[in-house]
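> Structure in C-alpha cells, see below.
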Amino acid sequence: MQNVITINSQSIEPGHSRTVFLNSYELHTKTTIEIPVHVIHSKEKGPALLLSAGMHGEETNGIDIIRKVITHKDVQHLQCGTLIAIPVINIISFLYGSRDLPDGRDLNRCFPGSRSGSLGSRIAYDLMKHILPVIDFGVDFHTGGSKINNYPQLRCVFDFPENVSLAERFSAPIIIDSTYRDGTFRKEAAKKNKPILVYEGGESMRFDYLAINEGVNGCLRLMHSFDMISAAIAPNMSVKIKKDTWIRANNSGLFHMYTNNGARVKKDDMLGEICNPFGETENKIISPADGYIIGINNRPVVNEGDALIHIGIEE
Ligand SMILES: [Zn+2]
C-alpha cells in the first residue's frame with residue numbers, strides 16, 4: 001500500500017485522484033495565478049511519474065498530450081504507482097499565447113528559482129519545492145518555435161544510463177543526446193537525482209497530430225513498462241542521435257523544402273532550394289552528412305543565416 005502523498009499542503013489518499021494547486025503569485029489585480037496539478041495516486045506501490053507541459057505558453061502539443069493521457073481509461077485506474085500531471089505550468093503565458101512570461105523572462109531559464117524572486121523564479125521554486133520531492137522521474141513536453149517543426153524526439157543525456165533506459169521505454173522515433181543547459185528544469189531536477197527527459201514535437205501554436213500521438217504513445221509505453229497500466233503499445237525503432245547540426249541559409253529568398261521531416265538522408269542529397277523572388281537565382285540546399293532530418297523551418301521566406309534544416313547524425 002502506498003502512503004498518502006502531500007503536495008503544497010494538499011493530501012491525496014492512496015486509491016484516489018485529485019487536482020491540487022501550486023499557488024505561485026498574486027497579481028496586482030488580486031488575481032492569483034494557480035497551477036493545477038492532476039494527481040492519480042494508486043493503492044499499490046510503484047514509480048511516481050511527472051508529466052509536465054506548457055512551460056512555454058504557446059507550446060500547445062504537450063498540453064494536448066497530457067490531456068489525452070490523463071483521460072485514458074487505463075491511466076485513470078493505475079495498477080500501481082502515481083501520476084502527477086501538470087498540463088499547463090506557465091498559466092499566464094498560456095492565457096496570452098506567448099512563450100515568455102509578461103516580464104520577458106523564459107521560465108525554463110529561471111530554475112531552481114527562489115521564493116521571493118520574479119514570477120518565473122517563484123513558479124520554478126514551487127516546482128522544485130513541491131513537485132520534485134514526490135516524483136521519481138518525468139517527461140517535460142515542448143515543441144519547436146514558431147514555424148520550426150521538430151520531428152517527435154526525446155532529449156536526454158546518453159552518459160546517464162537511467163536517462164537512456166527511460167528514453168527506450170518511452171521509445172520516441174528519435175532520441176537525442178543533449179547536454180544540460182543552465183537554468184532549466186531538466187538540469188536542476190538532475191542535480192536532485194530526478195531524471196526528467198524533454199520531449200520535443202511539432203511547432204508552437206499548431207497542433208501536430210504525429211507529435212501528439214507519439215507523445216501520448218510514449219507516455220503509455222513508459223507507464224506500461226513499469227506495470228502502471230496494462231495497455232501495451234508497440235515500440236518504435238528509435239534512432240539514437242549523438243551529433244546534430246543545423247543547415248543555415250546561405251542566401252535570402254523563398255525557401256522550398258523537398259524532403260520530409262524525419263526522413264533519412266545521405267550526404268550530398270538535395271534537400272531543398274532557396275529561390276530569388278524575381279527568378280534570378282536558385283540555390284540548392286545540400287545535406288552535409290548522412291543522417292535524419294529532425295527539424296525543419298516552415299517559413300516560406302528566409303534570410304541569409306536563418307536555421308533551415310536540423311540534421312541528426314546517428315550514434
Ligand atoms: Zn519549450
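Every chain in the C-alpha cells has a letter given in the order shown (A, B, ...), and although residue numbers restart at 1 in each chain, ligands are simply numbered from 1 in the order shown.
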Check which residues of chain A sit at most 7 Å from ligand 1 using only C-alpha atoms and all ligand atoms, and return one row each with the closest pair of atoms and their distance in Å to one decimal, ordered by chain and rising number, as CSV.


```
residue,atom,partner,partner_atom_place_in_ligand_line,distance
A:Met55,CA,ligand 1,1 (Zn),6.1
A:His56,CA,ligand 1,1 (Zn),4.9
A:Glu59,CA,ligand 1,1 (Zn),6.3
A:His142,CA,ligand 1,1 (Zn),4.2
A:Thr143,CA,ligand 1,1 (Zn),5.6
A:Gly144,CA,ligand 1,1 (Zn),7.0
```

> Any chance you could export the current selection's N, CA and C atoms as a PDB file, in the first residue's frame?


```
ATOM      1  N   MET A  55       5.423  24.797 -20.238  1.00  0.00           N
ATOM      2  CA  MET A  55       6.483  25.627 -19.639  1.00  0.00           C
ATOM      3  C   MET A  55       6.581  26.909 -20.451  1.00  0.00           C
ATOM      4  N   HIS A  56       6.440  26.754 -21.762  1.00  0.00           N
ATOM      5  CA  HIS A  56       6.342  27.873 -22.688  1.00  0.00           C
ATOM      6  C   HIS A  56       4.884  27.920 -23.139  1.00  0.00           C
ATOM      7  N   GLU A  59       3.311  26.487 -26.498  1.00  0.00           N
ATOM      8  CA  GLU A  59       3.674  25.139 -26.969  1.00  0.00           C
ATOM      9  C   GLU A  59       2.527  24.175 -26.642  1.00  0.00           C
ATOM     10  N   HIS A 142       7.724  19.839 -24.800  1.00  0.00           N
ATOM     11  CA  HIS A 142       7.962  21.110 -25.502  1.00  0.00           C
ATOM     12  C   HIS A 142       7.692  20.927 -26.993  1.00  0.00           C
ATOM     13  N   THR A 143       7.772  22.046 -27.723  1.00  0.00           N
ATOM     14  CA  THR A 143       7.696  21.986 -29.190  1.00  0.00           C
ATOM     15  C   THR A 143       8.823  22.845 -29.747  1.00  0.00           C
ATOM     16  N   GLY A 144       8.969  22.804 -31.056  1.00  0.00           N
ATOM     17  CA  GLY A 144       9.867  23.756 -31.705  1.00  0.00           C
ATOM     18  C   GLY A 144       9.264  25.149 -31.563  1.00  0.00           C
TER      19      GLY A 144
END
```

> Among segment 118-211 of chain A, which residues carry a DSSP assignment of strand (DSSP E or B), reported as a list in words?

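Those residues are Phe137, Gly138, Val139, Asp140, Phe141, His142, Ile148, Asn149, Asn150, Tyr151, Pro152, Gln153, Leu154, Arg155, Cys156, Ile174, Ile175, Ile176, Asp177, Ile196, Leu197, Val198, Tyr199, Glu200, Gly201 and Gly202 of chain A.
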
> Give me the residues within 10 Å of Ile35 of chain A as a ChimeraX atom specification, counting only C-alpha atoms and dropping any in the same chain fewer than 5 places off.

/A:19-25,86-92,123,126-127

> Write the residues of the selection above to a file with C-alpha atoms, as a compact mmCIF listing (two decimals), in the first residue's frame.


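To be explicit, this is the file written out as part-v3.txt:
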```txt
# COMPACT_ATOMS: atom_id res chain seq x y z
CA THR A 19 -6.46 18.16 -8.63
CA VAL A 20 -4.26 20.17 -6.28
CA PHE A 21 -2.77 23.61 -6.83
CA LEU A 22 0.55 25.36 -6.63
CA ASN A 23 -0.02 28.99 -5.65
CA SER A 24 2.79 30.95 -7.11
CA TYR A 25 1.92 34.57 -7.34
CA ILE A 86 0.76 19.36 -14.93
CA PRO A 87 -0.78 20.14 -18.33
CA VAL A 88 -0.02 23.88 -18.15
CA ILE A 89 2.88 25.03 -15.99
CA ASN A 90 3.03 28.57 -17.33
CA ILE A 91 -0.62 29.55 -16.89
CA ILE A 92 -0.21 33.28 -17.53
CA ILE A 123 7.00 29.16 -10.34
CA ASP A 126 7.23 25.86 -6.44
CA LEU A 127 8.08 23.03 -8.85
```

> So that I can see what lies close to Ser204 of chain A, please list as a PyMOL selection string the residues with an atom at most 10 Å from it, counting only C-alpha atoms and leaving out residues fewer than 2 positions away in the same chain.

chain A and resi 56-62+97-99+142-150+201-202+206-208

> As a PyMOL selection string, please: all residues of segment 61-265 of chain A that backbone DSSP puts in helix (DSSP H, G or I).

chain A and resi 61-70+73-76+91-96+107-109+119-134+161-170+185-191+209-225

> Need to verify the contact set: segment 247-264 of chain A, 6 Å, only C-alpha atoms, exclusion of same-chain residues closer than 5 positions in sequence. Can you return it as a list in words?

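Result of the neighbour search: Tyr151, Leu271, Gly272, Glu273, Ile274, Cys275, Asn276, Gly291, Tyr292, Ile293, Ile294, Pro300, Val301, Val302, Asn303, Glu304, Gly305, Asp306, Ala307, Leu308 and Ile309 of chain A.
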
> Using only C-alpha atoms, which residues of segment 190-265 of chain A come within 8 Å of segment 163-182 of chain A, and what is the closest atom pair for each, with the distance in Å to one decimal? Give it as a tab-separated table, sorted by chain and residue number.


```
residue	atom	partner	partner_atom	distance
A:Pro195	CA	A:Asn163	CA	6.4
A:Ile196	CA	A:Asn163	CA	7.9
A:Leu197	CA	A:Asn163	CA	7.2
A:Glu214	CA	A:Ala172	CA	6.6
A:Gly215	CA	A:Ala172	CA	7.6
A:Asn217	CA	A:Phe170	CA	7.8
A:Gly218	CA	A:Phe170	CA	4.3
A:Cys219	CA	A:Phe170	CA	6.2
A:Leu220	CA	A:Phe170	CA	7.8
A:Arg221	CA	A:Phe170	CA	5.5
A:Leu222	CA	A:Phe170	CA	4.7
A:Ser225	CA	A:Arg169	CA	6.4
A:Pro235	CA	A:Ser171	CA	5.8
A:Asn236	CA	A:Ser171	CA	5.7
A:Met237	CA	A:Pro173	CA	6.6
A:Ser238	CA	A:Pro173	CA	4.6
A:Val239	CA	A:Ile174	CA	4.9
A:Lys240	CA	A:Ile175	CA	4.8
A:Ile241	CA	A:Ile176	CA	4.6
A:Lys242	CA	A:Asp177	CA	5.3
A:Lys243	CA	A:Asp177	CA	7.4
```

> Kindly save the residues from that selection, with all heavy atoms included, as a compact mmCIF listing (two decimals), in the first residue's frame.


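Now in again_1.txt:
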```txt
# COMPACT_ATOMS: atom_id res chain seq x y z
N PRO A 195 15.60 12.20 -12.82
CA PRO A 195 15.76 12.40 -14.26
C PRO A 195 14.47 12.89 -14.92
O PRO A 195 13.40 12.30 -14.70
CB PRO A 195 16.15 11.01 -14.79
CG PRO A 195 15.91 10.06 -13.68
CD PRO A 195 15.75 10.82 -12.41
N ILE A 196 14.59 13.97 -15.65
CA ILE A 196 13.47 14.47 -16.45
C ILE A 196 13.94 14.54 -17.89
O ILE A 196 14.96 15.15 -18.19
CB ILE A 196 12.99 15.84 -15.94
CG1 ILE A 196 12.32 15.67 -14.57
CG2 ILE A 196 12.03 16.49 -16.94
CD1 ILE A 196 11.77 16.92 -13.96
N LEU A 197 13.21 13.85 -18.77
CA LEU A 197 13.54 13.90 -20.19
C LEU A 197 12.69 14.99 -20.82
O LEU A 197 11.59 15.28 -20.36
CB LEU A 197 13.22 12.56 -20.86
CG LEU A 197 13.76 11.29 -20.19
CD1 LEU A 197 13.49 10.08 -21.09
CD2 LEU A 197 15.24 11.39 -19.90
N GLU A 214 2.58 10.48 -30.97
CA GLU A 214 3.84 9.87 -30.50
C GLU A 214 4.06 10.19 -29.02
O GLU A 214 4.57 9.36 -28.27
CB GLU A 214 5.03 10.35 -31.33
CG GLU A 214 5.11 9.73 -32.72
CD GLU A 214 5.39 8.23 -32.70
OE1 GLU A 214 5.76 7.68 -31.65
OE2 GLU A 214 5.21 7.59 -33.77
N GLY A 215 3.68 11.39 -28.61
CA GLY A 215 3.83 11.79 -27.20
C GLY A 215 2.92 10.96 -26.29
O GLY A 215 3.35 10.45 -25.25
N ASN A 217 1.57 8.00 -26.99
CA ASN A 217 2.01 6.60 -27.01
C ASN A 217 3.26 6.39 -26.16
O ASN A 217 3.40 5.37 -25.48
CB ASN A 217 2.27 6.13 -28.45
CG ASN A 217 0.98 5.91 -29.21
OD1 ASN A 217 -0.08 5.79 -28.61
ND2 ASN A 217 1.06 5.88 -30.53
N GLY A 218 4.17 7.37 -26.20
CA GLY A 218 5.39 7.27 -25.38
C GLY A 218 5.05 7.23 -23.90
O GLY A 218 5.61 6.41 -23.14
N CYS A 219 4.13 8.08 -23.47
CA CYS A 219 3.73 8.08 -22.05
C CYS A 219 3.12 6.74 -21.67
O CYS A 219 3.41 6.19 -20.59
CB CYS A 219 2.71 9.18 -21.77
SG CYS A 219 3.35 10.84 -21.97
N LEU A 220 2.28 6.21 -22.55
CA LEU A 220 1.61 4.92 -22.25
C LEU A 220 2.64 3.79 -22.21
O LEU A 220 2.58 2.92 -21.33
CB LEU A 220 0.52 4.63 -23.28
CG LEU A 220 -0.64 5.65 -23.33
CD1 LEU A 220 -1.64 5.27 -24.43
CD2 LEU A 220 -1.36 5.79 -21.99
N ARG A 221 3.62 3.82 -23.14
CA ARG A 221 4.68 2.79 -23.12
C ARG A 221 5.48 2.87 -21.83
O ARG A 221 5.81 1.85 -21.21
CB ARG A 221 5.64 2.98 -24.30
CG ARG A 221 5.11 2.50 -25.62
CD ARG A 221 6.23 2.60 -26.66
NE ARG A 221 5.66 2.77 -27.98
CZ ARG A 221 5.65 3.91 -28.66
NH1 ARG A 221 6.22 5.00 -28.18
NH2 ARG A 221 5.09 3.96 -29.84
N LEU A 222 5.83 4.11 -21.44
CA LEU A 222 6.62 4.31 -20.23
C LEU A 222 5.87 3.75 -19.02
O LEU A 222 6.43 3.01 -18.20
CB LEU A 222 6.89 5.81 -20.07
CG LEU A 222 7.78 6.29 -18.94
CD1 LEU A 222 9.16 5.66 -19.01
CD2 LEU A 222 7.92 7.83 -18.98
N SER A 225 5.69 -0.04 -19.09
CA SER A 225 6.98 -0.70 -18.78
C SER A 225 7.19 -0.84 -17.27
O SER A 225 8.00 -1.65 -16.83
CB SER A 225 8.14 0.08 -19.41
OG SER A 225 8.41 1.26 -18.68
N PRO A 235 6.64 -0.67 -29.66
CA PRO A 235 7.67 0.39 -29.65
C PRO A 235 8.06 0.84 -31.06
O PRO A 235 7.80 0.14 -32.03
CB PRO A 235 8.85 -0.29 -28.95
CG PRO A 235 8.67 -1.73 -29.21
CD PRO A 235 7.19 -1.98 -29.31
N ASN A 236 8.68 2.02 -31.15
CA ASN A 236 9.28 2.48 -32.40
C ASN A 236 10.66 1.85 -32.54
O ASN A 236 11.26 1.40 -31.54
CB ASN A 236 9.47 4.00 -32.37
CG ASN A 236 8.19 4.74 -32.63
OD1 ASN A 236 7.53 4.52 -33.64
ND2 ASN A 236 7.81 5.63 -31.71
N MET A 237 11.17 1.84 -33.76
CA MET A 237 12.60 1.53 -33.97
C MET A 237 13.33 2.86 -33.76
O MET A 237 13.67 3.55 -34.73
CB MET A 237 12.83 1.02 -35.39
CG MET A 237 12.16 -0.31 -35.69
SD MET A 237 13.03 -1.69 -34.95
CE MET A 237 14.45 -1.77 -36.05
N SER A 238 13.53 3.23 -32.50
CA SER A 238 14.09 4.56 -32.22
C SER A 238 15.49 4.70 -32.80
O SER A 238 16.29 3.76 -32.77
CB SER A 238 14.19 4.78 -30.70
OG SER A 238 12.92 4.69 -30.12
N VAL A 239 15.77 5.88 -33.33
CA VAL A 239 17.11 6.20 -33.82
C VAL A 239 17.80 7.06 -32.77
O VAL A 239 17.22 8.06 -32.32
CB VAL A 239 17.02 6.97 -35.16
CG1 VAL A 239 18.42 7.42 -35.60
CG2 VAL A 239 16.36 6.12 -36.23
N LYS A 240 19.00 6.65 -32.38
CA LYS A 240 19.74 7.43 -31.37
C LYS A 240 20.69 8.40 -32.08
O LYS A 240 21.53 8.00 -32.87
CB LYS A 240 20.52 6.51 -30.44
CG LYS A 240 19.63 5.72 -29.51
CD LYS A 240 20.39 5.32 -28.24
CE LYS A 240 19.51 4.57 -27.27
NZ LYS A 240 19.43 3.13 -27.55
N ILE A 241 20.53 9.66 -31.76
CA ILE A 241 21.30 10.72 -32.41
C ILE A 241 22.34 11.26 -31.43
O ILE A 241 22.00 11.68 -30.32
CB ILE A 241 20.35 11.88 -32.83
CG1 ILE A 241 19.28 11.39 -33.82
CG2 ILE A 241 21.15 13.07 -33.36
CD1 ILE A 241 19.77 11.03 -35.17
N LYS A 242 23.58 11.21 -31.87
CA LYS A 242 24.68 11.62 -30.98
C LYS A 242 25.16 13.03 -31.31
O LYS A 242 25.63 13.76 -30.45
CB LYS A 242 25.83 10.60 -31.17
CG LYS A 242 26.97 10.73 -30.21
CD LYS A 242 26.68 10.11 -28.86
CE LYS A 242 27.85 10.31 -27.91
NZ LYS A 242 27.51 10.19 -26.52
N LYS A 243 25.05 13.40 -32.58
CA LYS A 243 25.53 14.71 -33.03
C LYS A 243 24.44 15.34 -33.88
O LYS A 243 23.72 14.64 -34.59
CB LYS A 243 26.78 14.53 -33.92
CG LYS A 243 28.09 14.76 -33.19
CD LYS A 243 29.27 14.40 -34.07
CE LYS A 243 29.36 15.28 -35.32
NZ LYS A 243 30.51 14.89 -36.18
```

> Excluding same-chain residues fewer than 3 positions from Asp269 of chain A, what lies within 9 Å of it counting only C-alpha atoms, as a CSV table (one decimal) with N, CA and C atoms, in the first residue's frame?


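Once everything was written out, this is around-v1.csv:
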```
chain,number,residue,atom,x,y,z
A,265,VAL,N,18.5,10.9,-44.7
A,265,VAL,CA,19.1,11.5,-45.9
A,265,VAL,C,20.6,11.1,-46.0
A,266,LYS,N,21.1,11.3,-47.2
A,266,LYS,CA,22.5,10.9,-47.4
A,266,LYS,C,23.3,12.2,-47.7
A,285,ILE,N,20.0,23.4,-51.6
A,285,ILE,CA,20.4,23.1,-50.2
A,285,ILE,C,20.8,21.6,-50.1
A,286,ILE,N,22.1,21.4,-49.8
A,286,ILE,CA,22.7,20.1,-49.9
A,286,ILE,C,22.9,19.5,-48.5
A,287,SER,N,22.6,18.3,-48.3
A,287,SER,CA,22.9,17.7,-47.0
A,287,SER,C,24.4,17.5,-46.7
A,288,PRO,N,24.9,18.0,-45.6
A,288,PRO,CA,26.3,17.9,-45.3
A,288,PRO,C,26.7,16.6,-44.8
A,289,ALA,N,25.8,15.7,-44.5
A,289,ALA,CA,26.1,14.4,-43.8
A,289,ALA,C,25.0,13.4,-44.1
A,290,ASP,N,25.4,12.1,-43.8
A,290,ASP,CA,24.3,11.1,-43.7
A,290,ASP,C,23.6,11.3,-42.4
```

> Please provide as a PyMOL selection string all residues within 12 Å of segment 8-12 of chain A, with the sequence filter that same-chain residues fewer than 6 positions apart are discarded (counting only C-alpha atoms).

chain A and resi 2+18-24+34-43+82-84+125-134

> Measuring between only C-alpha atoms, which one of A:Met1, A:Ala190, A:Ile63, A:Ile311 shows the shortest distance to Lys267 of chain A?

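Result for the nearest residue to Lys267 of chain A: A:Ile311.
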
> Compare A:Leu49, A:Ile313, A:Leu95, A:Ala85 by their minimum atom-to-atom distance to Thr245 of chain A, counting only C-alpha atoms, and give me the closest one.

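Ranked by minimum distance to Thr245 of chain A, first place goes to A:Ile313.
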
> Between atom CA of Asp106 of chain A and atom CA of Asp140 of chain A, measure the distance and give it in Å to one decimal.

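Answer for the atom CA of Asp106 of chain A to atom CA of Asp140 of chain A separation: 15.2 Å.
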
> For the atom pair atom CA of Arg155 of chain A and atom CA of Val198 of chain A, what is the interatomic distance in Å to one decimal place?

5.1 Å

> Measuring atom to atom with only C-alpha atoms, identify which of A:Gly104, A:Gly183, A:Pro152, A:Gly120 is nearest to Ile212 of chain A.

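Answer, going by the shortest atom-to-atom distance: A:Pro152.
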
> Quote the spacing between atom CA of Tyr96 of chain A and atom CA of Asn297 of chain A in Å to one decimal place.

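Atom CA of Asn297 of chain A lies at a distance of 23.7 Å from atom CA of Tyr96 of chain A.
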
> For a quick check of understanding, using only C-alpha atoms, which of A:Ile33, A:Ile66, A:Ala53, A:Met223 has the smallest distance to Arg122 of chain A?

A:Ile33
